[in-house]
Amino acid sequence: MTRNSDVPCLAVFTFLGCLGAPVCAATESVTDAFGIFRSASPTEPLRANWAGLREVLAPMGARAETIAPGPVETILLQLGGKSLSAGGPPAESAALLFDAAGNSVADDTPVALTAGTTDPRVVATQNGIASRLISPGRAAGLFHAGAASGNRQGPRAEYQIVSNVTSITPQIIPQTEPALPETMTTLALPMLLDRDGNAVEDGIGLTLLATHADGSYSLVPAVTTGGRAEARILTRNLPQQGAVTAALTGHRSGAQPFRVAMLQPVGLPEVVARALDDAVAHEIRIGPFLTQAGHLLNDGADIAVTLTTSSGRQLRTDGWLADGMFRTVQPIVRDDFPLDLTVTTSLGTVSLTVAQPGAGR
Amino acid sequence: MTRPVPRDNRALARIALSVGLALLLLTVSAISAATLLAKASERSVTYRFFDEALSDLPETPSAVVWDAPARRLGRPLTDADRDQLGRTMTMGWQALASTLATGVTTYLPDHFSGVALERSELAAQDRDARMVVLHSRLSPVYHHRDGSIVQLRSEALTVRFLLDDAGQLDEFRLTQDQTLTLLMKETKGWRLFGHVRNAVKALPPIAPAAPKPGLLVGINYYPSASPWIRFWPDFDADIVARDLSTIKGMGATSIRIFLQRAPFLDPATRGKAVGDLITLLQLAADRDLTVIPTLFDMKPSYEPATWATDVLYLQTVLPPLAAAPNVAFVDLKNEPDIDFERAGSGTVEAWLRTMLGAAQLIAPDLPYTVGWARAASAPVMSDALNVISYHDYQDIDGSRDRLAAVRLIAAGKPVYVTEIGSSSWSGLPMALPGSNTAQATEVENRLTALRGADGVFVWTLHDFPQVDVKAVGRSPWVKRLQSNFGLIAADGTEKPIAAVLRRAKTLLMETTP
C-alpha cells in the first residue's frame, strides 16, 4: 500500500484552502469514496488503505492524496456466456484482481489467462479487470480456465462446451416391419451428432409427430440419453398407415412411414339373445372379442352391428366395447329369429347367426 | 412592622382580585375551549393494518443520466440494462446516505456486496459523518459478455459533511467526484461490488449573482380559493391574471410565490405544473412584476436519503425560472430555521448549502436567498447567499435594529424582508384585538421601521376562507388568525392595508437615509 501525493494529475484536483472557507472543522478531516471522517476516527487506519483519491481537509488548507493499490492478492474469474457450444460464438474470461485491502489493482498488471486447450495469453488489467475472448473450439467436453498474476492464482473455473445442437438435423430409423397393434412401440433415432461429431448431451428434448391416415396425429416427447433418443407410442386404435417426423431445435427430420399391423382376432365372438320380461325386446350380447395379443379387445373399441330378422327387416346399432363385450337391446320378437348379425370391429367384420333366443353363433 | 391598609384601598384590592380571577377564568376557559375544538377537529381513523395507514411510497426517481460508452462494449447496454443499473446506483447511494444518518446497516446488503459492502459498513461507524450522492452522469466502460459484470464511470455530484457534538455543521464539502463503480449481477439483482474515487473535478466558479436592481414592494401570493398545496393542482390562469392585475394596481412591483415539491416531481403532474409556472411568470412579466419563487415549500424531511430527489426537483423548476427575465431572486426555502430544533441545525444548514450548490450548477445566473423566519438566523450561510432575506413578525420596536444587524451581516448584499404582516382578526378583544384598521396601522408602522431595506413583502394578498392545516396547524385560533392577513377580504373588498401598500414605496424611500 503506497500513499502517493505527487501524482502527475494533481493539477486537475481542487485545492480549496480551508482558510476563509464557509464551514471548516477546527480539526483535520478526510474525504474518500465512501464519505468523510475525522483524522482521529478509529476507522482511519482501515480507510487509509482504500485506493483512489482522498482529500485531507485541514484548518490551514486542503490537500489531495492518491492512494495507489497494492500488489495482487485475490483473483476472481468469471467465464461466460452460460452456454458454450462447439464452434459457436466466443466466451469471455474475465479476471478481477484485488489487492489485500480489496482495491482493484493498478492498470497494466499482467495476468496469464488460460482456458481449455487454447494457448495461455497474458493480458494487462484495465480498471482492475483482465479479459480475453475464448473460442469454444470444435470439441465438446468439460474444460478449465484459470488466471494467474505475480505469485497469485485464482480458483480455476470449470466450463463446459456442449455439442452444437443447432447443427443437427434429426433422422428416424425406418421400421423394418409394421408395429404390433395394442403395444408400446419404440420410434428410435440414430446417434445424434453435431457437425463436428459431438454427441448431444443427455436431457435434450425432441418432439416426434406421428400423423395418421385418418387425419389424426400423435405428439410424442423424447429425451436424449447417451447421444440417442427414443420415443414410445401405444399402437391402440391407430390406423395402419401414417408417417412420423422428429423435431430438434427447429430442425425437422424428413417424414418416415409409420405402419401398424392389423389386429387379428382369435376365434369368433359368441352371441346370445335373451328375451326381456318387461318389454317386447331382446337383449343381445356379443363377445368376448379375443385378440392374437392374448387379451380382450380394449374397452371403448368401436363396434357396429347390423341385425337382419327372418322377415328381412334390418336394424343397425353401434357403440363401444366394455370388458371385451358388446350389449344392445333391440325391439325384436321371437318370430324375428333366426337373426343374422354383421359385426364390425377393429378386428374386422364377421357374420354371426342366432337361431333362437338363449343361444346362437 | 406592618402598615395598616386603608379601608378604600382594601376594597380596591378586592375588586382588582375579582377582576383578575375573572380574567384568569375567562382565559383558561378560552384556552380549554380552543384545545377541545382543536382535538375535535382532528380526524380520527382506525386502521386494521399498518400498511393501510401508510401512504404508498412513490417509486424512487432515477438520479442518473447516461452518456454513451467511451469505447465499444463487448456487450452493449440495453435500455432495460440502463434502467436497472440506474436504479441500482440511485437506490444504493440513497441506502448509504440513510445508513450514514441512522447507523442502521441492515439494508446495505440489498444494494452492496463484496468490497463495497465492507467499506460502506465501515463508513457507517463514523456516526457524525454524512455523504449523499446527489446526481450521477454515468458512462459504461466494461460489460462482461455474459451480462454479469458492469463497470460504470461516473461524474457524481456528492456532498459530504460532519456534524459536531451539538449537531452543528462542522465540515462541508460539495464536489463533482469522478468515480469508477464495479457492479455484479447476483442472485437478487445488481449489487455495487466496488467503488473508487479517482478524481475530484472542480465545480465551476459561481459568479456573484445580484438581484434585479430597484426597490421591491411585494406581496406574498396565493390565490384566494387555492392557497398552499392547492396552488399548482388547481392553477387557474384567469384567476392568477386577475390577481396579478390587482397586485399591480396596489402599487406592488413584485410577488413572492411558493413551489411545493410534490407537483413538480410527480411524473403525472410535473408537465402541467411547469407549464403553469411558465404561464405565471409570463403573466407577471406582462404586468412588469418581478417574481420571487420560494422552493421546497412544506418539505417534510431533511433525511439525506431524500436529497437526490430534491436535486431532481431543482432540475425541474430552475430552468424555467432561469429563462424568465423577471425572476428577481430565488428563495431556496421558506423559514428553514423553524426546523433547526426538529431536524438539527447542522443537517438543515448542510441541506441548504447542498441545494444552493446544486442550484448554482443548474442555474448559475440566478441570485439565491433563504427566507429566514427570524432575523437572528441571517448569519447562517450569509457567506454563500447572493441575497439576505428574513421575515419580520416580531415586535415593531425592534424592526429597525434587526434590519441594521442584518445589513451588517449582509456585508453589502441586498437585504429583503420577504414577509411582514398582521392579522385583522379579532378573537378576544383583549388578547387578540385585531381589526382592519389595526392591521393597516401595524403594517404602516413596520414599513416605516424597515426603511433602508431593499424590499419588503406583505403577507398576503387574500384573506383565505380555508387555510391549509398542514401549513398552519389545527389550532382554531391560529387558523382564524392566518385566514385574515390579507389585503383583500374574503368578500373581495380591499382592506385599509391595501392603501398602506400603495404608499409603501414612498414610506420606504422617503425615510431612507
# chains A, B, ... in the order shown; residues from 1 in each chain; ligands from 1

call {"tool": "select_by_dssp", "arguments": {"residues": "stretch 302-369 of chain B", "states": "strand (DSSP E)", "output": "JSON, numbers by chain"}}
result
{"B": [330, 331, 332, 333, 334, 368, 369]}

call {"tool": "write_last_selection", "arguments": {"atoms": "C-alpha atoms", "output": "JSON list (two decimals), in the first residue's frame"}}
result
[["chain", "number", "residue", "atom", "x", "y", "z"],
["B", 330, "VAL", "CA", -34.87, 32.56, -5.82],
["B", 331, "ASP", "CA", -35.79, 31.78, -2.23],
["B", 332, "LEU", "CA", -34.46, 28.26, -1.62],
["B", 333, "LYS", "CA", -36.60, 27.52, 1.41],
["B", 334, "ASN", "CA", -39.22, 29.27, 3.44],
["B", 368, "TYR", "CA", -30.32, 32.88, -4.30],
["B", 369, "THR", "CA", -31.52, 33.55, -0.79]]

call {"tool": "interface_residues", "arguments": {"of": "chain B", "to": "chain A", "cutoff": "7 Å", "atoms": "only C-alpha atoms", "output": "ChimeraX atom specification"}}
result
/B:115,120,122-123,126,129-131,145-146,160-161,170-172,195-202,383

call {"tool": "residues_around", "arguments": {"residues": "stretch 303-305 of chain B", "least_positions_apart": "2", "cutoff": "10 Å", "atoms": "only C-alpha atoms", "output": "MDAnalysis selection string"}}
result
chainID B and resid 90:91 93:102 130:134 159 300:301 307:310 343 347:348 350:351

call {"tool": "residues_around", "arguments": {"residues": "B:Arg75", "least_positions_apart": "3", "cutoff": "12 Å", "atoms": "only C-alpha atoms", "output": "ChimeraX atom specification"}}
result
/A:80-81,91-92 /B:69,71-72,78,81,140-150

call {"tool": "select_by_dssp", "arguments": {"residues": "stretch 89-180 of chain B", "states": "helix (DSSP H, G or I)", "output": "list of chain:residue names"}}
result
B:Met89, B:Thr90, B:Met91, B:Gly92, B:Trp93, B:Gln94, B:Ala95, B:Leu96, B:Ala97, B:Ser98, B:Thr99, B:Leu100, B:Ala101, B:Thr102, B:Leu108, B:Pro109, B:Asp110, B:Gly114, B:Val115, B:Ala116, B:Leu117, B:Glu118, B:Arg119, B:Ser120, B:Glu121, B:Leu122, B:Ala123

call {"tool": "residues_around", "arguments": {"residues": "A:Thr235", "least_positions_apart": "2", "cutoff": "6 Å", "atoms": "only C-alpha atoms", "output": "PyMOL selection string"}}
result
chain A and resi 181-183+238

call {"tool": "write_last_selection", "arguments": {"atoms": "N, CA and C atoms", "output": "PDB file, in the first residue's frame"}}
result
ATOM      1  N   PRO A 181     -50.063 -54.074 -33.155  1.00  0.00           N
ATOM      2  CA  PRO A 181     -51.131 -53.289 -32.522  1.00  0.00           C
ATOM      3  C   PRO A 181     -51.197 -53.563 -31.026  1.00  0.00           C
ATOM      4  N   GLU A 182     -51.785 -52.591 -30.325  1.00  0.00           N
ATOM      5  CA  GLU A 182     -52.011 -52.740 -28.883  1.00  0.00           C
ATOM      6  C   GLU A 182     -50.722 -52.957 -28.105  1.00  0.00           C
ATOM      7  N   THR A 183     -49.661 -52.361 -28.573  1.00  0.00           N
ATOM      8  CA  THR A 183     -48.396 -52.492 -27.831  1.00  0.00           C
ATOM      9  C   THR A 183     -47.715 -51.133 -27.762  1.00  0.00           C
ATOM     10  N   LEU A 238     -54.967 -47.180 -33.753  1.00  0.00           N
ATOM     11  CA  LEU A 238     -54.288 -46.369 -34.769  1.00  0.00           C
ATOM     12  C   LEU A 238     -54.547 -46.963 -36.145  1.00  0.00           C
TER      13      LEU A 238
END

call {"tool": "atom_distance", "arguments": {"atom1": "atom CA of A:Glu270", "atom2": "atom CA of A:Phe289"}}
result
8.5 Å

call {"tool": "residues_around", "arguments": {"residues": "stretch 337-343 of chain A", "least_positions_apart": "2", "cutoff": "10 Å", "atoms": "only C-alpha atoms", "output": "ChimeraX atom specification"}}
result
/A:269,271,273,286,303-318,332-335,345,347-357,360-361
